[in-house]
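This is work.cif (mmCIF, C-alpha atoms).
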```
data_structure
#
loop_
_atom_site.label_atom_id
_atom_site.label_comp_id
_atom_site.auth_asym_id
_atom_site.auth_seq_id
_atom_site.Cartn_x
_atom_site.Cartn_y
_atom_site.Cartn_z
CA MET A 1 -38.64 197.43 -8.06
CA LEU A 2 -36.72 198.41 -4.98
CA SER A 3 -35.06 201.74 -4.47
CA ARG A 4 -32.41 202.93 -2.01
CA ARG A 5 -33.63 206.51 -2.27
CA ARG A 6 -34.39 208.15 1.07
CA PHE A 7 -37.92 209.41 1.53
CA LEU A 8 -40.43 210.62 4.07
CA GLY A 9 -43.06 207.94 4.62
CA TYR A 10 -46.51 208.35 6.10
CA SER A 11 -48.98 205.62 6.99
CA ALA A 12 -52.10 205.11 9.03
CA LEU A 13 -50.06 203.41 11.74
CA ALA A 14 -46.97 205.55 12.18
CA ALA A 15 -44.97 208.46 10.85
CA SER A 16 -41.19 208.78 10.67
CA THR A 17 -39.51 210.93 13.29
CA SER A 18 -38.85 213.57 10.66
CA ALA A 19 -42.47 213.63 9.53
CA ILE A 20 -44.98 216.34 10.26
CA SER A 21 -46.77 215.87 13.60
CA LEU A 22 -50.37 214.76 13.14
CA LYS A 23 -52.71 216.98 15.14
CA SER A 24 -56.28 215.73 15.24
CA SER A 25 -57.61 219.11 16.31
CA THR A 26 -56.68 220.61 12.94
CA LEU A 27 -57.97 217.80 10.71
CA PHE A 28 -60.19 218.65 7.76
CA ALA A 29 -60.59 222.34 8.64
CA ALA A 30 -60.41 223.62 5.07
CA THR A 31 -63.13 225.68 3.46
CA ALA A 32 -65.33 223.93 0.90
CA VAL A 33 -64.46 224.39 -2.78
CA ALA A 34 -66.22 223.26 -5.96
CA TYR A 35 -65.24 219.81 -7.24
CA PRO A 36 -66.54 217.10 -9.62
CA THR A 37 -69.61 215.35 -8.26
CA SER A 38 -70.41 212.98 -11.13
CA GLN A 39 -69.45 210.18 -8.71
CA THR A 40 -69.31 206.87 -10.63
CA GLY A 41 -71.37 208.07 -13.59
CA GLY A 42 -68.55 207.72 -16.13
CA MET A 43 -67.12 204.46 -14.83
CA VAL A 44 -66.68 201.55 -17.25
CA GLY A 45 -64.84 198.25 -17.46
CA TYR A 46 -63.33 196.20 -14.69
CA ALA A 47 -63.77 198.86 -12.00
CA LYS A 48 -67.48 198.91 -12.75
CA GLU A 49 -67.54 195.11 -12.69
CA ALA A 50 -66.07 195.25 -9.17
CA ASN A 51 -68.72 197.78 -8.10
CA VAL A 52 -66.12 200.36 -7.13
CA THR A 53 -67.74 203.16 -5.14
CA GLY A 54 -64.71 204.70 -3.43
CA GLY A 55 -65.77 207.06 -0.69
CA TRP A 56 -69.02 208.23 -2.27
CA GLY A 57 -71.81 208.02 0.25
CA GLY A 58 -69.46 208.71 3.14
CA GLU A 59 -68.34 211.95 4.73
CA THR A 60 -66.75 214.67 2.58
CA VAL A 61 -63.63 216.44 3.84
CA PHE A 62 -61.60 219.25 2.30
CA VAL A 63 -57.82 219.11 2.78
CA ARG A 64 -55.24 221.86 2.34
CA SER A 65 -52.03 220.34 3.72
CA LEU A 66 -50.03 217.12 3.66
CA ASN A 67 -50.90 216.58 7.32
CA GLU A 68 -54.62 216.72 6.58
CA PHE A 69 -54.26 214.62 3.43
CA VAL A 70 -52.37 211.82 5.22
CA ASN A 71 -55.06 211.55 7.89
CA ALA A 72 -57.90 211.65 5.39
CA VAL A 73 -56.67 208.80 3.16
CA ALA A 74 -55.90 206.45 6.07
CA GLY A 75 -58.16 203.77 7.48
CA ASN A 76 -61.27 202.08 6.14
CA THR A 77 -63.88 204.78 6.76
CA LYS A 78 -65.83 205.67 3.64
CA ARG A 79 -64.71 209.20 2.74
CA VAL A 80 -64.53 211.69 -0.12
CA ILE A 81 -61.27 213.65 0.13
CA VAL A 82 -61.30 216.91 -1.85
CA LEU A 83 -58.09 218.82 -2.55
CA ALA A 84 -58.79 222.38 -1.41
CA ASN A 85 -55.20 223.39 -2.05
CA ASN A 86 -52.32 222.30 -4.27
CA ILE A 87 -50.05 220.25 -2.00
CA LYS A 88 -46.31 220.29 -2.68
CA VAL A 89 -43.39 218.92 -0.70
CA SER A 90 -39.68 219.36 -1.38
CA GLN A 91 -38.70 215.70 -1.49
CA LEU A 92 -40.23 212.37 -2.39
CA THR A 93 -42.89 211.59 0.22
CA LYS A 94 -44.76 208.29 0.22
CA VAL A 95 -48.29 208.22 1.60
CA MET A 96 -49.93 204.88 2.36
CA LEU A 97 -53.58 204.47 1.40
CA GLY A 98 -56.43 202.86 3.28
CA SER A 99 -59.64 201.75 1.59
CA ASN A 100 -63.08 203.06 0.60
CA LYS A 101 -61.83 206.47 -0.48
CA THR A 102 -62.49 208.91 -3.28
CA ILE A 103 -59.55 211.28 -3.73
CA VAL A 104 -60.71 214.08 -6.00
CA GLY A 105 -59.12 217.34 -7.05
CA SER A 106 -61.23 220.46 -6.90
CA TYR A 107 -61.65 222.64 -9.96
CA SER A 108 -59.29 225.26 -8.51
CA TYR A 109 -56.76 223.00 -6.77
CA HIS A 110 -55.84 219.52 -7.92
CA THR A 111 -52.04 219.13 -7.88
CA LEU A 112 -49.99 216.72 -5.76
CA SER A 113 -46.27 217.49 -6.17
CA ASN A 114 -43.62 214.95 -5.11
CA ILE A 115 -46.28 213.03 -3.16
CA HIS A 116 -46.32 209.34 -4.01
CA LEU A 117 -49.45 207.32 -3.21
CA ARG A 118 -49.06 203.63 -2.38
CA THR A 119 -51.40 200.83 -1.47
CA GLN A 120 -50.80 198.39 1.37
CA ALA A 121 -52.44 195.27 2.80
CA GLY A 122 -56.11 196.15 3.23
CA SER A 123 -56.21 198.80 0.52
CA ALA A 124 -59.17 198.45 -1.87
CA ASN A 125 -62.09 200.33 -3.44
CA ILE A 126 -60.38 203.65 -4.19
CA ILE A 127 -61.19 206.30 -6.80
CA PHE A 128 -58.55 208.77 -7.97
CA GLN A 129 -60.17 211.58 -9.91
CA ASN A 130 -59.23 215.00 -11.32
CA ILE A 131 -55.72 214.90 -9.86
CA LYS A 132 -52.57 216.34 -11.41
CA PHE A 133 -49.54 214.27 -10.41
CA ALA A 134 -46.31 216.29 -10.70
CA HIS A 135 -42.78 215.55 -9.56
CA ASP A 136 -39.37 217.20 -9.70
CA GLN A 137 -36.97 216.15 -12.41
CA ASN A 138 -34.37 214.92 -9.91
CA ILE A 139 -36.79 212.36 -8.45
CA ASN A 140 -35.92 209.80 -11.10
CA ALA A 141 -34.88 206.45 -9.61
CA ASN A 142 -36.34 203.16 -10.82
CA ASP A 143 -38.97 202.91 -8.10
CA ASP A 144 -39.98 206.58 -8.11
CA ILE A 145 -43.59 206.30 -9.26
CA GLN A 146 -46.31 208.64 -8.01
CA LEU A 147 -49.23 206.22 -8.12
CA TYR A 148 -48.25 202.69 -7.11
CA LEU A 149 -50.98 200.07 -6.76
CA THR A 150 -49.97 196.59 -5.59
CA GLU A 151 -52.74 195.34 -3.28
CA GLY A 152 -56.50 195.00 -3.24
CA LYS A 153 -59.49 194.91 -5.55
CA GLY A 154 -61.26 197.79 -7.21
CA TYR A 155 -59.59 200.98 -8.42
CA TRP A 156 -60.71 203.71 -10.78
CA ILE A 157 -58.12 206.22 -12.04
CA ASP A 158 -60.07 208.84 -13.94
CA HIS A 159 -59.36 212.27 -15.46
CA CYS A 160 -55.90 212.46 -13.89
CA SER A 161 -52.86 214.18 -15.42
CA PHE A 162 -49.39 212.65 -15.09
CA VAL A 163 -47.44 215.61 -16.39
CA GLY A 164 -43.80 214.51 -16.35
CA HIS A 165 -40.93 216.91 -16.96
CA ALA A 166 -38.09 217.67 -19.36
CA TRP A 167 -36.16 214.55 -20.38
CA SER A 168 -33.66 213.21 -22.89
CA ALA A 169 -33.04 209.70 -24.15
CA ASN A 170 -29.61 209.66 -22.45
CA ASP A 171 -30.43 211.29 -19.10
CA ASN A 172 -30.22 208.04 -17.04
CA SER A 173 -33.63 208.60 -15.48
CA LEU A 174 -35.64 205.45 -14.62
CA ASP A 175 -38.78 206.84 -12.98
CA LYS A 176 -42.22 206.00 -14.35
CA LEU A 177 -45.61 207.68 -14.14
CA LEU A 178 -47.85 204.82 -12.96
CA TYR A 179 -47.48 201.25 -11.71
CA VAL A 180 -50.28 198.70 -11.27
CA GLY A 181 -49.11 195.21 -10.41
CA ALA A 182 -48.61 192.36 -7.93
CA TYR A 183 -52.11 191.61 -6.55
CA ALA A 184 -53.93 194.81 -7.48
CA ASP A 185 -56.98 193.80 -9.49
CA TYR A 186 -60.13 195.05 -11.22
CA VAL A 187 -58.77 198.40 -12.33
CA THR A 188 -60.03 200.96 -14.84
CA LEU A 189 -57.79 203.71 -16.19
CA SER A 190 -59.84 206.26 -18.14
CA TYR A 191 -59.60 209.80 -19.51
CA CYS A 192 -56.08 210.31 -18.16
CA LEU A 193 -53.25 212.32 -19.68
CA PHE A 194 -49.67 211.02 -19.68
CA GLN A 195 -47.10 213.37 -21.16
CA ASN A 196 -43.48 214.56 -21.31
CA HIS A 197 -41.61 211.68 -19.73
CA LYS A 198 -38.94 209.20 -20.74
CA TYR A 199 -40.75 206.17 -19.30
CA GLY A 200 -44.52 205.90 -19.24
CA VAL A 201 -46.49 203.17 -17.49
CA ILE A 202 -45.63 199.73 -16.10
CA ILE A 203 -48.43 197.21 -15.54
CA GLY A 204 -48.12 193.75 -13.99
CA TYR A 205 -45.52 192.39 -11.57
CA PRO A 206 -42.15 193.64 -12.87
CA GLN A 207 -40.16 190.41 -12.80
CA ASP A 208 -40.10 187.43 -15.15
CA GLY A 209 -38.80 184.57 -12.99
CA ALA A 210 -40.35 181.12 -12.68
CA ALA A 211 -41.56 181.93 -9.16
CA ASP A 212 -43.48 184.96 -10.46
CA VAL A 213 -46.14 183.00 -12.35
CA LYS A 214 -48.27 183.34 -9.20
CA TYR A 215 -49.09 186.84 -10.51
CA GLU A 216 -50.62 185.52 -13.72
CA GLY A 217 -54.06 187.03 -14.24
CA TYR A 218 -53.26 190.16 -12.20
CA PRO A 219 -54.37 192.78 -12.86
CA LYS A 220 -57.55 192.61 -14.83
CA MET A 221 -57.50 196.11 -16.22
CA THR A 222 -59.49 198.29 -18.61
CA ILE A 223 -57.53 201.09 -20.29
CA CYS A 224 -59.70 203.45 -22.32
CA PHE A 225 -60.03 207.06 -23.53
CA ASN A 226 -56.51 208.01 -22.39
CA TYR A 227 -54.07 210.35 -24.13
CA TYR A 228 -50.33 209.58 -24.20
CA LYS A 229 -48.09 212.30 -25.58
CA ASN A 230 -44.30 212.70 -25.87
CA LEU A 231 -43.31 209.56 -23.98
CA LEU A 232 -40.20 207.78 -25.21
CA VAL A 233 -41.29 204.25 -24.23
CA ARG A 234 -44.13 202.42 -22.45
CA ALA A 235 -47.04 204.31 -23.90
CA PRO A 236 -49.55 202.86 -23.12
CA GLY A 237 -47.14 200.64 -21.19
CA LEU A 238 -44.98 197.62 -20.51
CA PHE A 239 -47.34 194.76 -19.61
CA ARG A 240 -46.87 191.47 -17.78
CA TYR A 241 -49.14 188.70 -16.46
CA GLY A 242 -52.53 190.44 -16.49
CA LEU A 243 -55.63 190.54 -18.68
CA PHE A 244 -55.77 193.88 -20.49
CA HIS A 245 -58.62 195.42 -22.43
CA ILE A 246 -57.23 198.48 -24.21
CA TYR A 247 -59.54 200.51 -26.40
CA ASN A 248 -60.07 204.06 -27.72
CA ASN A 249 -56.71 205.46 -26.57
CA VAL A 250 -54.62 208.04 -28.43
CA ILE A 251 -50.83 207.63 -28.45
CA ARG A 252 -48.84 210.44 -30.02
CA ASP A 253 -45.09 210.97 -30.55
CA TYR A 254 -43.58 207.92 -28.89
CA LYS A 255 -40.75 205.49 -29.59
CA ASP A 256 -42.23 202.26 -28.19
CA GLY A 257 -45.95 201.84 -27.51
CA ILE A 258 -47.31 198.59 -26.07
CA THR A 259 -44.62 196.16 -24.91
CA MET A 260 -45.99 192.67 -24.19
CA HIS A 261 -44.12 190.28 -21.96
CA ALA A 262 -44.42 187.50 -19.36
CA ARG A 263 -47.83 185.88 -19.94
CA ALA A 264 -49.67 189.12 -20.66
CA SER A 265 -52.98 188.84 -22.55
CA PHE A 266 -54.52 191.65 -24.63
CA ILE A 267 -57.66 192.72 -26.38
CA SER A 268 -56.88 195.94 -28.26
CA GLU A 269 -59.61 197.86 -30.09
CA ASN A 270 -59.81 201.10 -32.06
CA ASN A 271 -56.70 202.79 -30.69
CA TYR A 272 -54.99 205.60 -32.57
CA TYR A 273 -51.19 205.65 -32.82
CA THR A 274 -49.38 208.47 -34.57
CA SER A 275 -45.75 209.51 -34.29
CA SER A 276 -43.13 211.69 -35.90
CA VAL A 277 -40.38 210.06 -33.81
CA PRO A 278 -38.16 208.06 -36.22
CA TYR A 279 -38.75 204.31 -36.31
CA SER A 280 -41.60 204.26 -33.82
CA ASN A 281 -42.78 200.79 -32.87
CA PRO A 282 -46.41 200.71 -31.70
CA ILE A 283 -46.46 197.03 -30.65
CA THR A 284 -43.56 194.98 -29.32
CA TRP A 285 -44.05 191.42 -28.17
CA ASP A 286 -42.11 188.26 -27.41
CA ASN A 287 -43.08 184.62 -27.14
CA SER A 288 -43.63 184.86 -23.40
CA ALA A 289 -46.83 186.87 -23.96
CA ARG A 290 -49.99 184.72 -24.02
CA GLY A 291 -51.87 186.52 -26.75
CA PHE A 292 -52.66 189.76 -28.53
CA TYR A 293 -55.82 190.53 -30.45
CA ASP A 294 -56.33 193.84 -32.25
CA SER A 295 -59.27 195.20 -34.19
CA GLY A 296 -59.83 198.61 -35.72
CA SER A 297 -56.67 200.38 -34.57
CA ILE A 298 -54.81 202.90 -36.72
CA TYR A 299 -51.02 203.06 -36.85
CA LEU A 300 -49.35 206.09 -38.48
CA GLN A 301 -45.73 207.13 -38.91
CA ASP A 302 -45.28 210.71 -40.18
CA GLY A 303 -48.92 210.63 -41.22
CA GLN A 304 -48.61 207.43 -43.25
CA PRO A 305 -50.07 204.03 -42.35
CA ILE A 306 -47.56 201.42 -41.18
CA ALA A 307 -47.91 197.67 -40.87
CA VAL A 308 -47.87 196.03 -37.44
CA ASN A 309 -46.90 192.39 -37.69
CA VAL A 310 -48.17 190.82 -34.49
CA PRO A 311 -50.02 187.48 -34.39
CA ASN A 312 -53.74 188.01 -33.71
CA ASN A 313 -54.50 185.48 -30.99
CA LYS A 314 -57.51 186.14 -28.75
CA VAL A 315 -57.10 184.20 -25.50
CA PHE A 316 -59.82 185.74 -23.30
CA ASN A 317 -63.08 187.65 -23.53
CA VAL A 318 -64.36 190.56 -21.46
CA ASN A 319 -67.61 189.89 -19.64
CA TYR A 320 -68.86 193.46 -19.40
CA THR A 321 -70.70 195.60 -21.93
CA TYR A 322 -69.06 198.69 -23.36
CA LYS A 323 -69.33 201.13 -26.24
CA LYS A 324 -66.50 202.34 -28.40
CA PHE A 325 -65.76 204.86 -31.14
CA THR A 326 -63.72 204.39 -34.28
CA ALA A 327 -60.02 205.14 -34.08
CA ASN A 328 -60.45 208.15 -36.37
CA GLN A 329 -63.19 209.56 -34.16
CA ILE A 330 -61.21 209.34 -30.95
CA SER A 331 -58.12 210.99 -32.49
CA SER A 332 -59.69 214.35 -31.63
CA LEU A 333 -62.35 213.42 -29.05
CA VAL A 334 -59.98 211.94 -26.47
CA PRO A 335 -57.27 214.66 -26.33
CA ALA A 336 -59.99 217.26 -25.72
CA ARG A 337 -61.26 215.38 -22.66
CA ALA A 338 -58.26 213.66 -21.06
CA GLY A 339 -56.64 214.86 -17.86
CA ALA A 340 -57.50 216.92 -14.80
CA SER A 341 -59.76 219.91 -15.37
CA ASN A 342 -60.86 223.21 -13.83
CA GLN A 343 -64.44 222.61 -14.98
CA GLN A 344 -66.98 219.82 -15.21
CA LEU A 345 -65.46 216.50 -16.31
CA ASN A 346 -66.40 215.51 -19.83
CA TYR A 347 -67.22 211.90 -20.68
CA LEU A 348 -67.90 210.52 -24.14
CA LEU A 349 -70.52 208.01 -23.07
#
```
Write-out of the structure in structure tokens:
Amino acid sequence: MLSRRRFLGYSALAASTSAISLKSSTLFAATAVAYPTSQTGGMVGYAKEANVTGGWGGETVFVRSLNEFVNAVAGNTKRVIVLANNIKVSQLTKVMLGSNKTIVGSYSYHTLSNIHLRTQAGSANIIFQNIKFAHDQNINANDDIQLYLTEGKGYWIDHCSFVGHAWSANDNSLDKLLYVGAYADYVTLSYCLFQNHKYGVIIGYPQDGAADVKYEGYPKMTICFNYYKNLLVRAPGLFRYGLFHIYNNVIRDYKDGITMHARASFISENNYYTSSVPYSNPITWDNSARGFYDSGSIYLQDGQPIAVNVPNNKVFNVNYTYKKFTANQISSLVPARAGASNQQLNYLL
């Protein structure tokens, strides 16, 4: 997943010569604004198993600019970073993440536009919460992905909106909304909104060669209470190598839903698929996938049940406790709660 697109890159170690100068005297000077303070109260799944705490318990800083944001997310210091302004740049700008951070949007300001967050060696224990990820339509190369997790253990992506843009099936765009792969591990994706995009989500190392079996088992990922709407393909995603527990998600108006490939293993429970797109295919798999087990999911095409002919082969078990709703129940409960919000975050459990 390499791209030749030019970009501005920021890291904890250095900034490009064209980057904004980092002035320590102006760091974290923003006025406090109201933001979600439920901390880890709604966390479930693999992130909870890894005891993800992010920056809670550390200092809280309020950022209004890219310059402040870049400084706040760097390093290993435990820190809660609150967006006190919507931050937009004119071109793709990659920001490298440290560890032990909670990045949370305030109720009034929670948008990052054309800012792409990436992990690096040493990244771990990060919470992304109440953030709206937006990008311009012309930022559409294969590797143009706003949240890109490849290293470290322990991530919680919660109540975030990946809003996409206008698209057509023949527009040649290749950008995706989220990538979790390589050695990123113990991840929970919950209460997020993915909408209006040609390609949705890609999970697991994105190659299928013999040398890539070293990524088998990565990531272990819980995907629950998310809402996917008007995505052509990869909703909830294209999956390779990892162990995936996918339950209580709503997928609406898609062409291809789950695509299983390259040693991926699934437990799927009580998901709700419905589409008016002709010939929608909720589950696609090939013989390179290790196993797929589904229980209680509903699959509708134009309001009518459709058969999904995938072998039910359970190859792993989750070791954590969890509660779930029926597929019919979550068809309305999840869309009402998914995504970034200007008021208190709403959890089902």
Separation of atom CA of A:Asn140 from atom CA of A:Asn125, in Å and rounded to one decimal: 28.9 Å
With the file shown as input, list the residues that the PyMOL selection byres ((chain A and resi 278) around 9) selects, as a PyMOL selection string. chain A and resi 255+275-277+279-280+301-302
Written selection (C-alpha atoms) as a CSV table (one decimal), in the frame of the given file:
```csv
chain,number,residue,atom,x,y,z
A,255,LYS,CA,-40.8,205.5,-29.6
A,275,SER,CA,-45.8,209.5,-34.3
A,276,SER,CA,-43.1,211.7,-35.9
A,277,VAL,CA,-40.4,210.1,-33.8
A,279,TYR,CA,-38.8,204.3,-36.3
A,280,SER,CA,-41.6,204.3,-33.8
A,301,GLN,CA,-45.7,207.1,-38.9
A,302,ASP,CA,-45.3,210.7,-40.2
```
Take atom CA of A:Ser108 and atom CA of A:Lys229 and report the distance between them in Å, one decimal. 24.2 Å
Counting all atoms listed in the file, give me one row per residue of stretch 282-339 of chain A with an atom at most 12 Å from an atom of stretch 27-50 of chain A, showing the shortest contact pair and its distance in Å to one decimal, sorted by chain then residue number, as CSV.
```
residue,atom,partner,partner_atom,distance
A:Val318,CA,A:Gly45,CA,8.7
A:Asn319,CA,A:Glu49,CA,8.7
A:Tyr320,CA,A:Gly45,CA,6.5
A:Thr321,CA,A:Gly45,CA,7.8
A:Tyr322,CA,A:Val44,CA,7.2
A:Lys323,CA,A:Val44,CA,9.4
A:Lys324,CA,A:Val44,CA,11.2
```
Can you turn the PyMOL selection byres ((chain A and resi 112) around 9) into a concrete residue list for this file, as a list in words? Leu83, Asn86, Ile87, Lys88, Val89, His110, Thr111, Ser113, Asn114, Ile115, His116, Ile131, Lys132, Phe133, Ala134 and His135 of chain A
Computed gap from atom CA of A:Ile267 to atom CA of A:Tyr155 is 19.9 Å
Near stretch 189-199 of chain A, 9 Å: stretch 134-158 of chain A residue rows, closest pairs, all atoms listed in the file, as JSON lines:
```
{"residue": "A:Tyr155", "atom": "CA", "partner": "A:Leu189", "partner_atom": "CA", "distance": 8.4}
{"residue": "A:Trp156", "atom": "CA", "partner": "A:Leu189", "partner_atom": "CA", "distance": 6.1}
{"residue": "A:Ile157", "atom": "CA", "partner": "A:Leu189", "partner_atom": "CA", "distance": 4.9}
{"residue": "A:Asp158", "atom": "CA", "partner": "A:Ser190", "partner_atom": "CA", "distance": 4.9}
```
Which residues come within 7 Å of A:Trp56, counting only C-alpha atoms, excluding same-chain residues fewer than 6 positions away, as a PyMOL selection string? chain A and resi 39+79-80+102
Scan for residues within 10 Å of the point (-46.1, 188.9, -14.4) in the coordinates of the file, using only C-alpha atoms, and reply as number ranges by chain. A: 181-182, 203-219, 239-242, 261-264, 289
All residues 12 Å or closer to A:Ala74, only C-alpha atoms, same chain fewer than 5 positions away omitted, as a PDB file with C-alpha atoms, in the frame of the given file:
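The result, written out as part33.pdb:
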```pdb
ATOM      1  CA  TYR A  10     -46.510 208.350   6.100  1.00  0.00           C
ATOM      2  CA  SER A  11     -48.980 205.620   6.990  1.00  0.00           C
ATOM      3  CA  ALA A  12     -52.100 205.110   9.030  1.00  0.00           C
ATOM      4  CA  LEU A  13     -50.060 203.410  11.740  1.00  0.00           C
ATOM      5  CA  ALA A  14     -46.970 205.550  12.180  1.00  0.00           C
ATOM      6  CA  GLY A  55     -65.770 207.060  -0.690  1.00  0.00           C
ATOM      7  CA  ASN A  67     -50.900 216.580   7.320  1.00  0.00           C
ATOM      8  CA  GLU A  68     -54.620 216.720   6.580  1.00  0.00           C
ATOM      9  CA  PHE A  69     -54.260 214.620   3.430  1.00  0.00           C
ATOM     10  CA  ARG A  79     -64.710 209.200   2.740  1.00  0.00           C
ATOM     11  CA  VAL A  80     -64.530 211.690  -0.120  1.00  0.00           C
ATOM     12  CA  ILE A  81     -61.270 213.650   0.130  1.00  0.00           C
ATOM     13  CA  VAL A  95     -48.290 208.220   1.600  1.00  0.00           C
ATOM     14  CA  MET A  96     -49.930 204.880   2.360  1.00  0.00           C
ATOM     15  CA  LEU A  97     -53.580 204.470   1.400  1.00  0.00           C
ATOM     16  CA  GLY A  98     -56.430 202.860   3.280  1.00  0.00           C
ATOM     17  CA  SER A  99     -59.640 201.750   1.590  1.00  0.00           C
ATOM     18  CA  ASN A 100     -63.080 203.060   0.600  1.00  0.00           C
ATOM     19  CA  LYS A 101     -61.830 206.470  -0.480  1.00  0.00           C
ATOM     20  CA  THR A 102     -62.490 208.910  -3.280  1.00  0.00           C
ATOM     21  CA  ILE A 103     -59.550 211.280  -3.730  1.00  0.00           C
ATOM     22  CA  LEU A 117     -49.450 207.320  -3.210  1.00  0.00           C
ATOM     23  CA  ARG A 118     -49.060 203.630  -2.380  1.00  0.00           C
ATOM     24  CA  THR A 119     -51.400 200.830  -1.470  1.00  0.00           C
ATOM     25  CA  GLN A 120     -50.800 198.390   1.370  1.00  0.00           C
ATOM     26  CA  GLY A 122     -56.110 196.150   3.230  1.00  0.00           C
ATOM     27  CA  SER A 123     -56.210 198.800   0.520  1.00  0.00           C
ATOM     28  CA  ALA A 124     -59.170 198.450  -1.870  1.00  0.00           C
ATOM     29  CA  ILE A 126     -60.380 203.650  -4.190  1.00  0.00           C
TER      30      ILE A 126
END
```
Nearest candidate to A:Val310 (options A:Val52, A:Ile258, A:Leu92, A:Leu349; using all atoms listed in the file): A:Ile258
